[in-house]
Each structure stands twice: as structure tokens, then as C-alpha cells.
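For reference, entry18.txt is printed below; it contains compact mmCIF, C-alpha atoms.
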```txt
# COMPACT_ATOMS: atom_id res chain seq x y z
CA MET A 1117 -35.42 -158.21 -19.93
CA LYS A 1118 -36.24 -161.60 -18.47
CA LYS A 1119 -37.53 -164.35 -20.75
CA PRO A 1120 -40.69 -166.09 -19.58
CA ALA A 1121 -40.05 -169.56 -18.22
CA LYS A 1122 -41.26 -172.42 -20.39
CA SER A 1123 -43.50 -174.98 -18.80
CA PRO A 1124 -42.24 -178.54 -19.12
CA ASN A 1125 -45.28 -179.51 -21.20
CA SER A 1126 -44.90 -176.70 -23.75
CA ARG A 1127 -42.78 -178.07 -26.55
CA SER A 1128 -42.37 -176.15 -29.70
CA LYS A 1129 -43.95 -178.10 -32.51
CA PRO A 1130 -42.35 -178.03 -35.96
CA VAL A 1131 -44.36 -175.89 -38.30
CA LYS A 1132 -45.35 -177.61 -41.52
CA ALA A 1133 -44.50 -175.67 -44.64
CA THR A 1134 -47.56 -175.00 -46.72
CA PRO A 1135 -47.11 -175.14 -50.48
CA ALA A 1136 -46.57 -171.74 -52.01
CA LYS A 1137 -49.57 -170.47 -53.88
CA THR A 1138 -48.97 -169.30 -57.39
CA LYS A 1139 -49.55 -165.60 -57.69
CA PRO A 1140 -51.65 -164.40 -60.57
CA ALA A 1141 -49.62 -162.70 -63.28
CA ALA A 1142 -49.43 -159.03 -62.47
CA THR A 1143 -49.79 -156.42 -65.14
CA LYS A 1144 -46.31 -155.81 -66.43
CA THR A 1145 -44.94 -152.32 -66.08
CA HIS A 1146 -41.94 -151.08 -68.00
CA ARG A 1147 -39.38 -148.40 -67.22
CA SER A 1148 -39.96 -147.05 -70.71
CA LEU A 1149 -41.33 -148.19 -74.05
CA CYS A 1150 -37.97 -147.74 -75.79
CA PRO A 1151 -37.39 -150.93 -77.82
CA ILE A 1152 -33.88 -151.34 -76.37
CA ASN A 1153 -35.27 -151.09 -72.83
CA LEU A 1154 -38.04 -153.59 -73.62
CA ALA A 1155 -35.53 -156.09 -75.05
CA LEU A 1156 -33.24 -155.68 -72.05
CA GLU A 1157 -36.13 -156.24 -69.67
CA ALA A 1158 -36.75 -159.59 -71.40
CA ILE A 1159 -33.15 -160.80 -71.82
CA GLY A 1160 -30.83 -158.24 -70.24
CA ASP A 1161 -29.63 -160.08 -67.14
CA ASN A 1162 -26.41 -162.07 -66.77
CA TRP A 1163 -28.01 -165.46 -67.35
CA SER A 1164 -30.89 -165.33 -69.85
CA MET A 1165 -28.79 -165.15 -73.01
CA LEU A 1166 -26.57 -167.96 -71.70
CA ILE A 1167 -29.67 -170.15 -71.36
CA VAL A 1168 -30.69 -169.19 -74.92
CA ARG A 1169 -27.11 -169.98 -76.03
CA ASP A 1170 -27.28 -173.39 -74.37
CA LEU A 1171 -30.59 -174.17 -76.06
CA MET A 1172 -29.42 -172.93 -79.44
CA LEU A 1173 -25.74 -173.85 -79.67
CA ARG A 1174 -25.12 -176.57 -77.11
CA GLY A 1175 -28.29 -178.64 -77.36
CA HIS A 1176 -29.17 -178.37 -73.67
CA ASN A 1177 -32.88 -178.63 -73.10
CA SER A 1178 -33.25 -179.73 -69.49
CA TYR A 1179 -32.73 -178.22 -66.07
CA GLN A 1180 -29.79 -180.55 -65.42
CA GLY A 1181 -28.30 -179.70 -68.82
CA PHE A 1182 -28.29 -175.99 -67.97
CA LEU A 1183 -26.69 -176.73 -64.60
CA ARG A 1184 -23.80 -178.50 -66.38
CA SER A 1185 -22.77 -175.33 -68.24
CA GLU A 1186 -19.32 -174.04 -67.38
CA GLU A 1187 -20.70 -170.81 -65.86
CA LYS A 1188 -22.19 -172.83 -62.95
CA ILE A 1189 -25.50 -171.04 -62.53
CA ALA A 1190 -27.06 -171.42 -59.08
CA THR A 1191 -30.21 -173.53 -58.98
CA ASN A 1192 -32.42 -170.75 -57.63
CA ILE A 1193 -31.26 -168.32 -60.32
CA LEU A 1194 -31.74 -170.93 -63.06
CA ALA A 1195 -35.28 -171.66 -61.90
CA ASP A 1196 -36.06 -167.93 -61.80
CA ARG A 1197 -34.64 -167.26 -65.28
CA LEU A 1198 -36.45 -170.21 -66.84
CA VAL A 1199 -39.74 -168.87 -65.47
CA LYS A 1200 -38.88 -165.37 -66.69
CA LEU A 1201 -37.94 -166.59 -70.19
CA GLU A 1202 -41.16 -168.60 -70.38
CA GLN A 1203 -43.26 -165.64 -69.19
CA ASN A 1204 -41.62 -163.45 -71.84
CA GLY A 1205 -42.51 -165.98 -74.53
CA LEU A 1206 -38.90 -166.90 -75.38
CA ILE A 1207 -39.04 -170.55 -74.32
CA THR A 1208 -41.64 -173.24 -73.73
CA LYS A 1209 -41.69 -175.91 -71.05
CA SER A 1210 -43.24 -179.32 -71.56
CA ALA A 1211 -43.20 -182.60 -69.66
CA ASP A 1212 -40.41 -185.00 -70.59
CA PRO A 1213 -42.13 -187.99 -72.26
CA SER A 1214 -39.64 -190.41 -70.68
CA ASP A 1215 -39.97 -188.98 -67.15
CA LYS A 1216 -43.06 -186.92 -66.27
CA ARG A 1217 -41.26 -185.42 -63.24
CA LYS A 1218 -38.83 -183.60 -65.56
CA PHE A 1219 -39.32 -180.87 -68.14
CA ILE A 1220 -37.98 -180.21 -71.62
CA TYR A 1221 -37.34 -176.60 -72.63
CA ALA A 1222 -37.42 -175.32 -76.20
CA LEU A 1223 -37.10 -171.97 -77.91
CA THR A 1224 -40.20 -170.34 -79.30
CA GLU A 1225 -40.12 -168.44 -82.58
CA ARG A 1226 -39.53 -165.30 -80.55
CA GLY A 1227 -36.60 -166.98 -78.76
CA ALA A 1228 -35.12 -168.31 -82.00
CA ASP A 1229 -35.19 -164.77 -83.40
CA LEU A 1230 -32.42 -163.95 -80.91
CA ALA A 1231 -29.94 -165.84 -83.12
CA PRO A 1232 -28.54 -162.71 -84.86
CA LEU A 1233 -28.02 -161.05 -81.47
CA LEU A 1234 -26.29 -164.16 -80.15
CA VAL A 1235 -23.97 -164.22 -83.18
CA GLU A 1236 -23.13 -160.52 -82.78
CA MET A 1237 -22.44 -160.96 -79.07
CA ALA A 1238 -20.15 -163.92 -79.76
CA LEU A 1239 -18.21 -162.03 -82.44
CA TYR A 1240 -17.95 -158.97 -80.18
CA GLY A 1241 -16.58 -161.12 -77.34
CA LEU A 1242 -14.09 -162.80 -79.67
CA LYS A 1243 -12.89 -159.42 -80.96
CA TYR A 1244 -12.44 -157.64 -77.64
CA GLU A 1245 -11.88 -160.33 -75.03
CA PRO A 1246 -8.50 -162.07 -75.42
CA LEU A 1247 -9.59 -164.99 -73.21
CA ALA A 1248 -12.67 -165.77 -75.32
CA ASN A 1249 -12.79 -169.40 -76.37
CA MET A 1250 -14.93 -170.95 -79.10
CA ALA A 1251 -14.44 -173.77 -81.60
CA LYS A 1252 -12.45 -172.41 -84.56
CA GLU A 1253 -14.74 -173.96 -87.17
CA VAL A 1254 -17.76 -172.26 -85.59
CA VAL A 1255 -15.94 -168.92 -85.43
CA LEU A 1256 -14.89 -169.18 -89.08
CA ASP A 1257 -18.42 -170.13 -90.11
CA MET A 1258 -19.82 -167.16 -88.18
CA GLN A 1259 -17.24 -164.72 -89.53
CA LYS A 1260 -17.61 -165.95 -93.11
CA ASN A 1261 -21.25 -164.94 -93.24
CA LYS A 1262 -22.84 -164.04 -89.94
CA GLN A 1263 -26.25 -163.39 -91.49
CA THR A 1264 -26.41 -166.89 -93.04
CA PHE A 1265 -25.16 -168.44 -89.80
CA ALA A 1266 -27.85 -166.62 -87.79
CA GLN A 1267 -30.56 -167.54 -90.33
CA ARG A 1268 -29.53 -171.19 -90.09
CA LEU A 1269 -29.79 -171.06 -86.29
CA THR A 1270 -33.15 -169.33 -86.46
CA ARG A 1271 -34.48 -171.86 -88.98
CA ASN A 1272 -33.19 -174.82 -86.94
CA PHE A 1273 -34.78 -173.63 -83.71
CA THR A 1274 -38.00 -172.04 -84.89
CA PRO A 1275 -40.91 -174.30 -83.93
CA LYS A 1276 -42.46 -176.04 -86.92
CA THR A 1277 -45.99 -175.08 -85.89
CA LYS A 1278 -46.51 -171.37 -85.71
CA ILE A 1279 -49.07 -169.77 -83.46
CA LYS A 1280 -51.20 -167.35 -85.44
CA THR A 1281 -51.19 -163.86 -84.05
CA ALA A 1282 -52.92 -160.71 -85.17
CA PRO A 1283 -50.77 -158.59 -87.49
CA LYS A 1284 -48.94 -155.81 -85.72
CA LYS A 1285 -49.80 -152.24 -86.52
CA ALA A 1286 -46.26 -151.80 -87.87
CA ASP A 1287 -46.92 -154.59 -90.39
CA LEU A 1288 -49.99 -152.79 -91.70
CA ASP A 1289 -48.55 -149.27 -91.97
CA PRO A 1290 -46.18 -148.28 -94.76
CA VAL A 1291 -42.57 -148.09 -93.66
CA GLU A 1292 -40.80 -144.75 -93.83
CA GLU A 1293 -37.34 -144.43 -95.34
CA THR A 1294 -35.68 -143.28 -92.13
CA LEU A 1295 -35.64 -145.11 -88.83
CA SER A 1296 -35.84 -143.24 -85.59
CA LEU A 1297 -34.67 -145.25 -82.57
CA PHE A 1298 -35.76 -142.71 -79.98
```

Same coordinates, now as C-alpha cells:
Amino acid sequence: MKKPAKSPNSRSKPVKATPAKTKPAATKTHRSLCPINLALEAIGDNWSMLIVRDLMLRGHNSYQGFLRSEEKIATNILADRLVKLEQNGLITKSADPSDKRKFIYALTERGADLAPLLVEMALYGLKYEPLANMAKEVVLDMQKNKQTFAQRLTRNFTPKTKIKTAPKKADLDPVEETLSLF
């Protein structure tokens, strides 16, 4: 097939990129309402718990800080996971007081409640992965009393001002002696 000849006056003009419009939040659908599934939908990818780890254990609280982690997360994935963690109520984002072009990230109460899971994951990795590397004093502190270690993390990273929420139905109903996971 022959291409049409271009006239000498028809130059292709560069197309200006229009700013992306923010889509309204869609109603979230879940694969199932199993609590394990719901938790994995919020934090079950390869990067989300590493971002929580960096906030909780390494003191990173900026985009650049997360990029400096040894796992070398790609910028597009980091941006996506930060949005996802914020949408799931695990982190907050606020303007950096020293530079309004930058943001500071912090754990919410819900995010800080991941401390016991983070401790268990670290201990699991140390037990079964021979290449696992962590400061010995931290490992000993975790192993000595993982519950106290996790509570200390949760307390240190739980925001001081709590947002009041309506009590959950589970908080109002009496608890049965047995727990059914499924």
C-alpha cells in the first residue's frame, strides 16, 4: 500500500500533553470477604510491607528516602504503592514544611498495627532464609519478647491524635470462645 505524499507545508506539530485528570474513587470490589484476602489486598504485594518497614524501622518518610532502600524500587512502582497505601488508610501524606514541593509520609494507626506482622515476617525470614541479614541487637530484642517489641513499634508509630470512628459491630457483640477463620 502506498503512503500518501506529504505536502511541504504540512508539518506534524508536537502534541501537548494535557494533565491527567484524577479519576473519582471507584467502589472497591474484593475477591472475597475472607479477612486474609482483605489484608492481602491491602498489603500483599512485593513492595507495600517494605515501605511500611522503611517507615517503621528505618525512619524513611520521604519519596527519596524510600528510593534509597537496598531493594531499589522503581519510581513508578513506588508512586503507585504510596497511593495504594494511602487509599487503604495505612499511611498519610502531608506537605513537607521545609519544602512545599515534597511530601512527608507517616503511618496511620491502622498502618502501625502492622508491627506484629512485620516482626513475625522478620523472624520467619531469619529462621528460614540463610542469607537474611539484620542487626544482631534488633534480632535479639525481637526474639527475647516479640510481643513487647511489636507493642513498642506500634506505640512509637501510632499517631498521637486518633480519629474517632463508630464502634465496629464486632466490638459491640459478645465474643464467642472459638474462632472460625473461614

Atom pair atom CA of Trp1163 of chain A / atom CA of Arg1217 of chain A: separation (Å):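 Interatomic distance, atom CA of Trp1163 of chain A to atom CA of Arg1217 of chain A: 24.3 Å.
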
Taking all atoms of segment 1266-1271 of chain A that appear in the file, build a box with edges along x, y and z, extend it by 3 Å on every side, and state its centre and edge lengths in Å to one decimal, as lines of an AutoDock Vina configuration file.
```
center_x = -31.2
center_y = -169.2
center_z = -88.3
size_x = 12.6
size_y = 11.2
size_z = 10.0
```

Report, in Å with one decimal, the straight-line distance from atom CA of Arg1271 of chain A to atom CA of Pro1213 of chain A.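 Between atom CA of Arg1271 of chain A and atom CA of Pro1213 of chain A the gap works out to 24.5 Å.
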
So how far away is atom CA of Gly1227 of chain A from atom CA of Asp1161 of chain A, in Å? 15.2 Å

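Nearest to Ile1167 of chain A of all the residues A:Pro1275, A:Gly1241, A:Gly1181, A:Pro1246 is A:Gly1181, based on all atoms listed in the file.
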
Using all atoms listed in the file, determine which residues lie at most 12 Å from Glu1187 of chain A, disregarding the query and same-chain residues fewer than 2 positions distant; provide the list as a VMD selection string. chain A and resid 1162 to 1163 1166 to 1167 1170 1182 to 1185 1189 to 1190 1194
